[in-house]
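Here's the structure we're looking at; comments come further down.
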Amino acid sequence: MSESWVVRSEIASEQTHVDRVYARVDELRRQAEDMRDRGYELGHGAQREAVFEQASMLFERDVMVSHANHTLHTLDAESEGLVFGRLDTSAGETIHVGRLGIRDGDFDNLVTDWRADAAAPFYQASAEEPMGMIRRRAIQCTGRTVTGIDDDVLMPHAVPQDLRVVGEGALLTALAEARGDHMRDIVRTIQREQDAIIRAPWRGVTEITGGPGTGKTAVALHRAAYLLYRYRKRIGGGGVLVVGPSAAFVGYISRVLPAMGETSVELRALGEVLDGYTACRADQPQLAALKGSVRMRTVLRRAVRDTPPGVPDQLRIVYQGEVLTLDAGQLEAVRGRVLARGAQPNRCRVHAAEALLEALATAAPSHSADGRPIERTRLIAELGERLEFHRFLVTWWPVLRPAEVLRWLGDERRLARAAGRTLDREEVAELAASLACGETGYSPADIALLDEIRALVGRPRRDRQAHRYPADHGEPRRQRRALPEHYDEYSHVIVDEAQDLSPMQWRMIGRRGRSASWTIVGDPAQSSWVSTGKSSGADEVAAARAEALGSQPASRHFTLRTNYRNPAEIFALAATVVTGHADGVDGADLPEAVRRTGIRPRITAVDPASLEGDVRAAAVEMLELVDGTVAVLGAVARVAELDKFLHGVPRDRLTVAGSVDCKGLEYDAVVLVEPGEIVTESPAGRRMLYVATSRATHRLTVLASDPDRWRPA
């Protein structure tokens, strides 16, 4: 019996089961469609019934249609590669594992959902701890067709004579596949150490650290899918928020959860966390660090209590023939007394009105011009009803909008007044110049400042809780339900690339998860956070993070140490640029790359005068050598120039990105341009070069005019 015959026979056996599964899926789809149609018919019939019966029928209609649509969406989302695993137990049972659970018409199990306890051995069983499993089989499918199988024998002594074993390694096969524009789910290749994180308890804080390519992000997203499956009643109502470092990153991961049937998770980039605002530009690292410093909290707190520009500086009103006047000094004294109570400015206009009336009563003489006594209580009551008083109040105590307050700080004198001794003269000048350019758009650091201002000024009392739908960034990111604006009741929050969050960004995200459990994902060796030199950056971040997480009942830490993304040949180069050359990073901190391709990175010396042609030629060559995505990476300041270099080159598989924006992303091939510029662009330059050199899954070409600037001896 030849090996090829055995493989074909086993594939045919699995195909028979897969065909049975899809036949049942088609049947369930037809049933759901029928239920949806009956629901619509029920709604039409309700229009002819009595009022009470109509309400009941409409409610029943809504439930039926909602359930049917949810079922249809789940079946459609999970139809590709529905069955991907099989377990053969020592008790003689066969368990097929897939993207969702499917039972036949007699309620016998056809497929076990990968998140169910019964499927856990598919990820957790090993030769040392087989968990009663003789064989674990990975099943590769294209559409509804089985294309390959791969077996692991976990209990060799218990293998029956008729149990056939085939395969070459499902994980390495999957790793060798070409990348697309979006991250894929890893449900069929989850490793044991990854599965332990995915299934960890939902309460408290779960922290995941690991180097490039260890699957941190994929594990966190699959953890979200698992938690919603296992604890939907506890966390489904509040929802799950995932925060990533950039819009490109969020777009890259946007299809992972919908591919597993989860569409209620909200994905936000750091520059999109605040409703109504989107970051569209980047700050230089030192300026971003200044804006992210906790010192800005003090500056903004003073700024929202400063007199708004353009408000009237005098109040004149006639009462019983007397002109009552409050000058600028008196008005400021009133403002100071109102704000001294600690209330948010937008929530205390009523207090401001009361204080103004009290000040007018104090300023009034004891008798009017015609000799009549002026009664304090009556004066306050009568002036408080006058239209002219309320017109003054509205202009003197305006509603403060975050964008307006931040724009006011573009005035260097106003910013200096708010800063006091918190910022030095150079910092005030640099910050004011940046904020004065607000009309050109916001940076991610600005978004955190705007959110801090929002929290400081408060919501005007008359504002209703407006509902919103998240911005349309493509169908996979759309939320299926409306949420209140500035929603802060998420049940679970996932923060990716957490090592880069500034104190102000931790405060912003913390407001969204006041009662949430957390999953924190990051790698200290890839941190781009730098201190401004005025305080300990690490201490500030730690304090802000602790405040954001609050009092949690439990916390746990996991470290992933296997790099599945980079071939060992590429990661060896990435390791050399950071080991011993970035604070706190040594070889023991880095993961181990387990895959080899035999293709070493190509390092080419280039002449700056011919750089355009060299970049273009390297990019075109990579597009010919790989079937998937290609990236041209460089220092942030060079991105626009690199984009021009590649004008006319097809962009369907080609991306240009800076050292910061490529975080969390991966490409089949990378052309790294002038790595020395990345080293010198910020104090964290070595770490950013480590990020850039560890993005490629197959090929890496480095174009450098000065090898001594980036590659340690």
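A note on labels: chains of the structure tokens are A, B, ... as shown, every chain counts residues from 1, and ligands are counted from 1 in their shown order.
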DSSP-assigned strand (DSSP E) members of region 177-298 of chain A, reported as a ChimeraX atom specification: /A:205-210,240-244,266-269
Apply DSSP to the backbone of this structure and, from region 299-401 of chain A, keep only the residues in alpha helix (DSSP H); write these as a PyMOL selection string. chain A and resi 299-303+328-339+349-363+376-383+387-396
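When only C-alpha atoms are used to compute distances to Ala432 (chain A), the closest of the residues A:Lys291, A:Arg401, A:Leu665, A:Tyr319 turns out to be A:Lys291.
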Quick one: everything within 12 Å of region 573-581 of chain A, counting only C-alpha atoms, minus sequence neighbours fewer than 6 positions away in the same chain. Send it as an MDAnalysis selection string. chainID A and resid 211:213 524:527 563 566:567 587:593 600:603 672 675:676 678:679 683:696 700:702 707:713
Nearby residues (only C-alpha atoms) at most 7 Å from region 140-145 of chain A, same-chain spacing under 4 positions excluded, as a PyMOL selection string: chain A and resi 15+80-81+84+149
Correct to one decimal, the distance CA of His486 (chain A)-CA of Leu274 (chain A) is 6.9 Å
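Atom pair CA of Arg30 (chain A) / CA of His17 (chain A) has a distance of 20.3 Å (rounded to one decimal).
Neighbours of region 124-131 of chain A closer than or equal to 10 Å, with only C-alpha atoms counted and sequence neighbours fewer than 3 positions away skipped, come out as A:Thr89, A:Ser90, A:Ala119, A:Ala120, A:Pro121, A:Ile134, A:Arg135, A:Arg136, A:Asp152, A:Val153, A:Leu154, A:Met155, A:Pro156, A:Ile190, A:Gln191, A:Arg192, A:Glu193, A:Gln194, A:Asp195, A:Ala196.
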Output N, CA, C and O atoms for every residue in the selection just made, as a compact mmCIF listing (two decimals), in the first residue's frame.
# COMPACT_ATOMS: atom_id res chain seq x y z
N THR A 89 -9.94 9.64 20.13
CA THR A 89 -9.71 9.42 21.55
C THR A 89 -9.42 7.96 21.84
O THR A 89 -9.73 7.05 21.05
N SER A 90 -8.83 7.73 23.00
CA SER A 90 -8.56 6.36 23.44
C SER A 90 -9.83 5.59 23.72
O SER A 90 -9.82 4.36 23.81
N ALA A 119 -13.03 20.79 22.67
CA ALA A 119 -12.04 21.02 21.62
C ALA A 119 -10.67 21.39 22.17
O ALA A 119 -9.69 21.43 21.43
N ALA A 120 -10.59 21.67 23.46
CA ALA A 120 -9.33 22.12 24.05
C ALA A 120 -8.17 21.17 23.78
O ALA A 120 -7.04 21.62 23.52
N PRO A 121 -8.35 19.84 23.83
CA PRO A 121 -7.21 18.95 23.56
C PRO A 121 -6.60 19.13 22.18
O PRO A 121 -5.43 18.79 21.97
N ILE A 134 -5.39 9.86 21.04
CA ILE A 134 -4.42 9.03 20.33
C ILE A 134 -3.83 9.80 19.15
O ILE A 134 -2.62 9.83 18.95
N ARG A 135 -4.71 10.45 18.38
CA ARG A 135 -4.26 11.16 17.18
C ARG A 135 -4.93 12.52 17.09
O ARG A 135 -6.11 12.67 17.39
N ARG A 136 -4.14 13.51 16.67
CA ARG A 136 -4.67 14.84 16.36
C ARG A 136 -4.40 15.09 14.89
O ARG A 136 -3.27 14.99 14.42
N ASP A 152 -0.64 14.22 14.10
CA ASP A 152 0.27 14.07 15.24
C ASP A 152 -0.21 12.86 16.04
O ASP A 152 -1.38 12.79 16.42
N VAL A 153 0.71 11.91 16.30
CA VAL A 153 0.37 10.77 17.14
C VAL A 153 0.78 11.12 18.57
O VAL A 153 1.95 11.39 18.85
N LEU A 154 -0.17 11.11 19.48
CA LEU A 154 0.07 11.53 20.86
C LEU A 154 0.21 10.33 21.80
O LEU A 154 0.81 10.46 22.87
N MET A 155 -0.35 9.17 21.42
CA MET A 155 -0.25 7.96 22.24
C MET A 155 0.16 6.80 21.32
O MET A 155 -0.67 5.98 20.92
N PRO A 156 1.45 6.71 20.94
CA PRO A 156 1.88 5.69 19.97
C PRO A 156 1.54 4.26 20.39
O PRO A 156 1.21 3.42 19.54
N ILE A 190 -3.38 27.13 16.29
CA ILE A 190 -3.08 27.62 17.63
C ILE A 190 -2.19 26.62 18.36
O ILE A 190 -2.48 25.42 18.38
N GLN A 191 -1.11 27.13 18.97
CA GLN A 191 -0.20 26.27 19.70
C GLN A 191 -0.59 26.20 21.18
O GLN A 191 -1.37 27.01 21.68
N ARG A 192 -0.01 25.23 21.87
CA ARG A 192 -0.44 24.96 23.24
C ARG A 192 -0.27 26.17 24.15
O ARG A 192 -1.17 26.51 24.91
N GLU A 193 0.90 26.84 24.07
CA GLU A 193 1.12 27.99 24.96
C GLU A 193 0.18 29.14 24.60
O GLU A 193 -0.21 29.93 25.46
N GLN A 194 -0.20 29.23 23.33
CA GLN A 194 -1.15 30.26 22.92
C GLN A 194 -2.55 29.94 23.41
O GLN A 194 -3.29 30.83 23.86
N ASP A 195 -2.92 28.69 23.35
CA ASP A 195 -4.25 28.27 23.79
C ASP A 195 -4.45 28.53 25.27
O ASP A 195 -5.55 28.88 25.71
N ALA A 196 -3.39 28.36 26.07
CA ALA A 196 -3.50 28.62 27.51
C ALA A 196 -3.87 30.07 27.78
O ALA A 196 -4.62 30.38 28.71
Contacts of Ala364 (chain A) within 10 Å, only C-alpha atoms, excl. fewer than 2 positions in-chain, as a list in words: Tyr319, Glu322, Val323, Leu324, Thr325, Glu358, Ala359, Leu360, Ala361, Thr362, Ser366, His367, Ser368, Ile374, Glu375, Arg376 and Leu379 of chain A
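Taking CA of Asp117 (chain A) as the reference point, CA of Arg199 (chain A) is found at 9.4 Å.
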Neighbours of Ile95 (chain A) within 10 Å (only C-alpha atoms; same-chain residues fewer than 6 positions away dropped), as a list in words? Gly85, Arg86, Leu87, Asp88, Thr89, Asn109, Leu110, Val111, Thr112, Ala118, Ala119, Phe122 and Arg136 of chain A
If you keep all heavy atoms, can you produce a file of those selected residues as a compact mmCIF listing (two decimals), in the first residue's frame?
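Result file follows (out_14.txt):
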# COMPACT_ATOMS: atom_id res chain seq x y z
N GLY A 85 -10.06 20.32 12.02
CA GLY A 85 -9.35 19.42 12.90
C GLY A 85 -10.16 18.19 13.27
O GLY A 85 -11.39 18.16 13.12
N ARG A 86 -9.44 17.21 13.77
CA ARG A 86 -10.08 15.97 14.21
C ARG A 86 -9.26 15.38 15.36
O ARG A 86 -8.04 15.42 15.36
CB ARG A 86 -10.15 14.97 13.06
CG ARG A 86 -10.52 13.55 13.47
CD ARG A 86 -10.65 12.66 12.27
NE ARG A 86 -10.73 11.24 12.64
CZ ARG A 86 -11.09 10.26 11.81
NH1 ARG A 86 -11.42 10.54 10.56
NH2 ARG A 86 -11.12 9.00 12.22
N LEU A 87 -9.98 14.85 16.34
CA LEU A 87 -9.36 14.16 17.46
C LEU A 87 -9.88 12.73 17.52
O LEU A 87 -11.10 12.51 17.40
CB LEU A 87 -9.68 14.88 18.78
CG LEU A 87 -9.07 16.27 18.99
CD1 LEU A 87 -9.72 16.95 20.19
CD2 LEU A 87 -7.56 16.19 19.19
N ASP A 88 -8.97 11.78 17.69
CA ASP A 88 -9.34 10.38 17.89
C ASP A 88 -8.96 10.00 19.31
O ASP A 88 -7.77 10.05 19.67
CB ASP A 88 -8.62 9.49 16.89
CG ASP A 88 -9.08 9.75 15.46
OD1 ASP A 88 -10.13 9.23 15.08
OD2 ASP A 88 -8.38 10.50 14.75
N THR A 89 -9.94 9.64 20.13
CA THR A 89 -9.71 9.42 21.55
C THR A 89 -9.42 7.96 21.84
O THR A 89 -9.73 7.05 21.05
CB THR A 89 -10.92 9.87 22.37
OG1 THR A 89 -11.97 8.90 22.23
CG2 THR A 89 -11.44 11.22 21.92
N ASN A 109 -23.44 15.36 17.32
CA ASN A 109 -22.43 16.37 17.03
C ASN A 109 -21.69 16.06 15.73
O ASN A 109 -21.10 15.00 15.57
CB ASN A 109 -21.42 16.41 18.19
CG ASN A 109 -20.78 17.77 18.33
OD1 ASN A 109 -21.37 18.77 17.98
ND2 ASN A 109 -19.56 17.80 18.84
N LEU A 110 -21.72 17.01 14.79
CA LEU A 110 -20.95 16.90 13.56
C LEU A 110 -19.63 17.65 13.66
O LEU A 110 -18.59 17.19 13.18
CB LEU A 110 -21.76 17.43 12.37
CG LEU A 110 -23.01 16.65 11.97
CD1 LEU A 110 -23.72 17.37 10.83
CD2 LEU A 110 -22.66 15.23 11.58
N VAL A 111 -19.69 18.85 14.26
CA VAL A 111 -18.50 19.69 14.44
C VAL A 111 -18.56 20.30 15.83
O VAL A 111 -19.61 20.80 16.25
CB VAL A 111 -18.40 20.81 13.38
CG1 VAL A 111 -17.07 21.56 13.54
CG2 VAL A 111 -18.53 20.26 11.98
N THR A 112 -17.43 20.30 16.54
CA THR A 112 -17.32 20.94 17.85
C THR A 112 -16.66 22.30 17.70
O THR A 112 -15.60 22.42 17.06
CB THR A 112 -16.49 20.07 18.82
OG1 THR A 112 -17.16 18.82 19.00
CG2 THR A 112 -16.31 20.75 20.17
N ALA A 118 -14.56 20.72 24.94
CA ALA A 118 -14.27 19.44 24.29
C ALA A 118 -13.21 19.57 23.20
O ALA A 118 -12.56 18.59 22.83
CB ALA A 118 -15.55 18.86 23.70
N ALA A 119 -13.03 20.79 22.67
CA ALA A 119 -12.04 21.02 21.62
C ALA A 119 -10.67 21.39 22.17
O ALA A 119 -9.69 21.43 21.43
CB ALA A 119 -12.52 22.11 20.67
N PHE A 122 -7.37 19.65 21.22
CA PHE A 122 -6.80 19.89 19.89
C PHE A 122 -5.62 20.85 19.97
O PHE A 122 -4.68 20.78 19.19
CB PHE A 122 -7.88 20.44 18.96
CG PHE A 122 -7.42 20.61 17.54
CD1 PHE A 122 -7.30 19.51 16.70
CD2 PHE A 122 -7.10 21.86 17.04
CE1 PHE A 122 -6.86 19.66 15.39
CE2 PHE A 122 -6.67 22.02 15.73
CZ PHE A 122 -6.55 20.92 14.90
N ARG A 136 -4.14 13.51 16.67
CA ARG A 136 -4.67 14.84 16.36
C ARG A 136 -4.40 15.09 14.89
O ARG A 136 -3.27 14.99 14.42
CB ARG A 136 -3.98 15.92 17.21
CG ARG A 136 -4.32 17.34 16.79
CD ARG A 136 -3.71 18.36 17.73
NE ARG A 136 -2.30 18.09 17.94
CZ ARG A 136 -1.66 18.36 19.08
NH1 ARG A 136 -2.30 18.86 20.11
NH2 ARG A 136 -0.36 18.10 19.19
Contacts of region 199-317 of chain A with region 540-553 of chain A up to 10 Å, shortest pair per row, only C-alpha atoms, as CSV:
residue,atom,partner,partner_atom,distance
A:Arg203,CA,A:Pro553,CA,7.0
A:Gly204,CA,A:Gln552,CA,4.9
A:Val205,CA,A:Gln552,CA,6.9
A:Gly292,CA,A:Val541,CA,9.5
A:Ser293,CA,A:Glu540,CA,7.5
A:Val294,CA,A:Glu540,CA,6.7
A:Arg295,CA,A:Glu540,CA,9.4
Residues just named, written with N, CA, C and O atoms as an mmCIF file, in the first residue's frame:
data_model
loop_
_atom_site.group_PDB
_atom_site.id
_atom_site.type_symbol
_atom_site.label_atom_id
_atom_site.label_comp_id
_atom_site.auth_asym_id
_atom_site.auth_seq_id
_atom_site.Cartn_x
_atom_site.Cartn_y
_atom_site.Cartn_z
ATOM 1 N N ARG A 203 -11.744 37.515 34.168
ATOM 2 C CA ARG A 203 -11.664 38.594 35.154
ATOM 3 C C ARG A 203 -10.233 39.087 35.310
ATOM 4 O O ARG A 203 -9.274 38.375 35.059
ATOM 5 N N GLY A 204 -10.097 40.343 35.763
ATOM 6 C CA GLY A 204 -8.789 40.890 36.067
ATOM 7 C C GLY A 204 -8.021 41.300 34.828
ATOM 8 O O GLY A 204 -8.583 41.654 33.796
ATOM 9 N N VAL A 205 -6.695 41.240 34.937
ATOM 10 C CA VAL A 205 -5.804 41.681 33.869
ATOM 11 C C VAL A 205 -4.994 40.486 33.377
ATOM 12 O O VAL A 205 -4.346 39.805 34.169
ATOM 13 N N GLY A 292 2.310 63.549 25.607
ATOM 14 C CA GLY A 292 1.851 62.378 26.341
ATOM 15 C C GLY A 292 2.199 62.388 27.809
ATOM 16 O O GLY A 292 1.710 61.545 28.569
ATOM 17 N N SER A 293 3.039 63.338 28.238
ATOM 18 C CA SER A 293 3.459 63.396 29.632
ATOM 19 C C SER A 293 2.297 63.738 30.544
ATOM 20 O O SER A 293 1.399 64.515 30.194
ATOM 21 N N VAL A 294 2.308 63.172 31.738
ATOM 22 C CA VAL A 294 1.245 63.440 32.701
ATOM 23 C C VAL A 294 1.241 64.900 33.132
ATOM 24 O O VAL A 294 0.242 65.397 33.681
ATOM 25 N N ARG A 295 2.329 65.629 32.853
ATOM 26 C CA ARG A 295 2.342 67.062 33.164
ATOM 27 C C ARG A 295 1.265 67.819 32.399
ATOM 28 O O ARG A 295 0.787 68.865 32.845
#
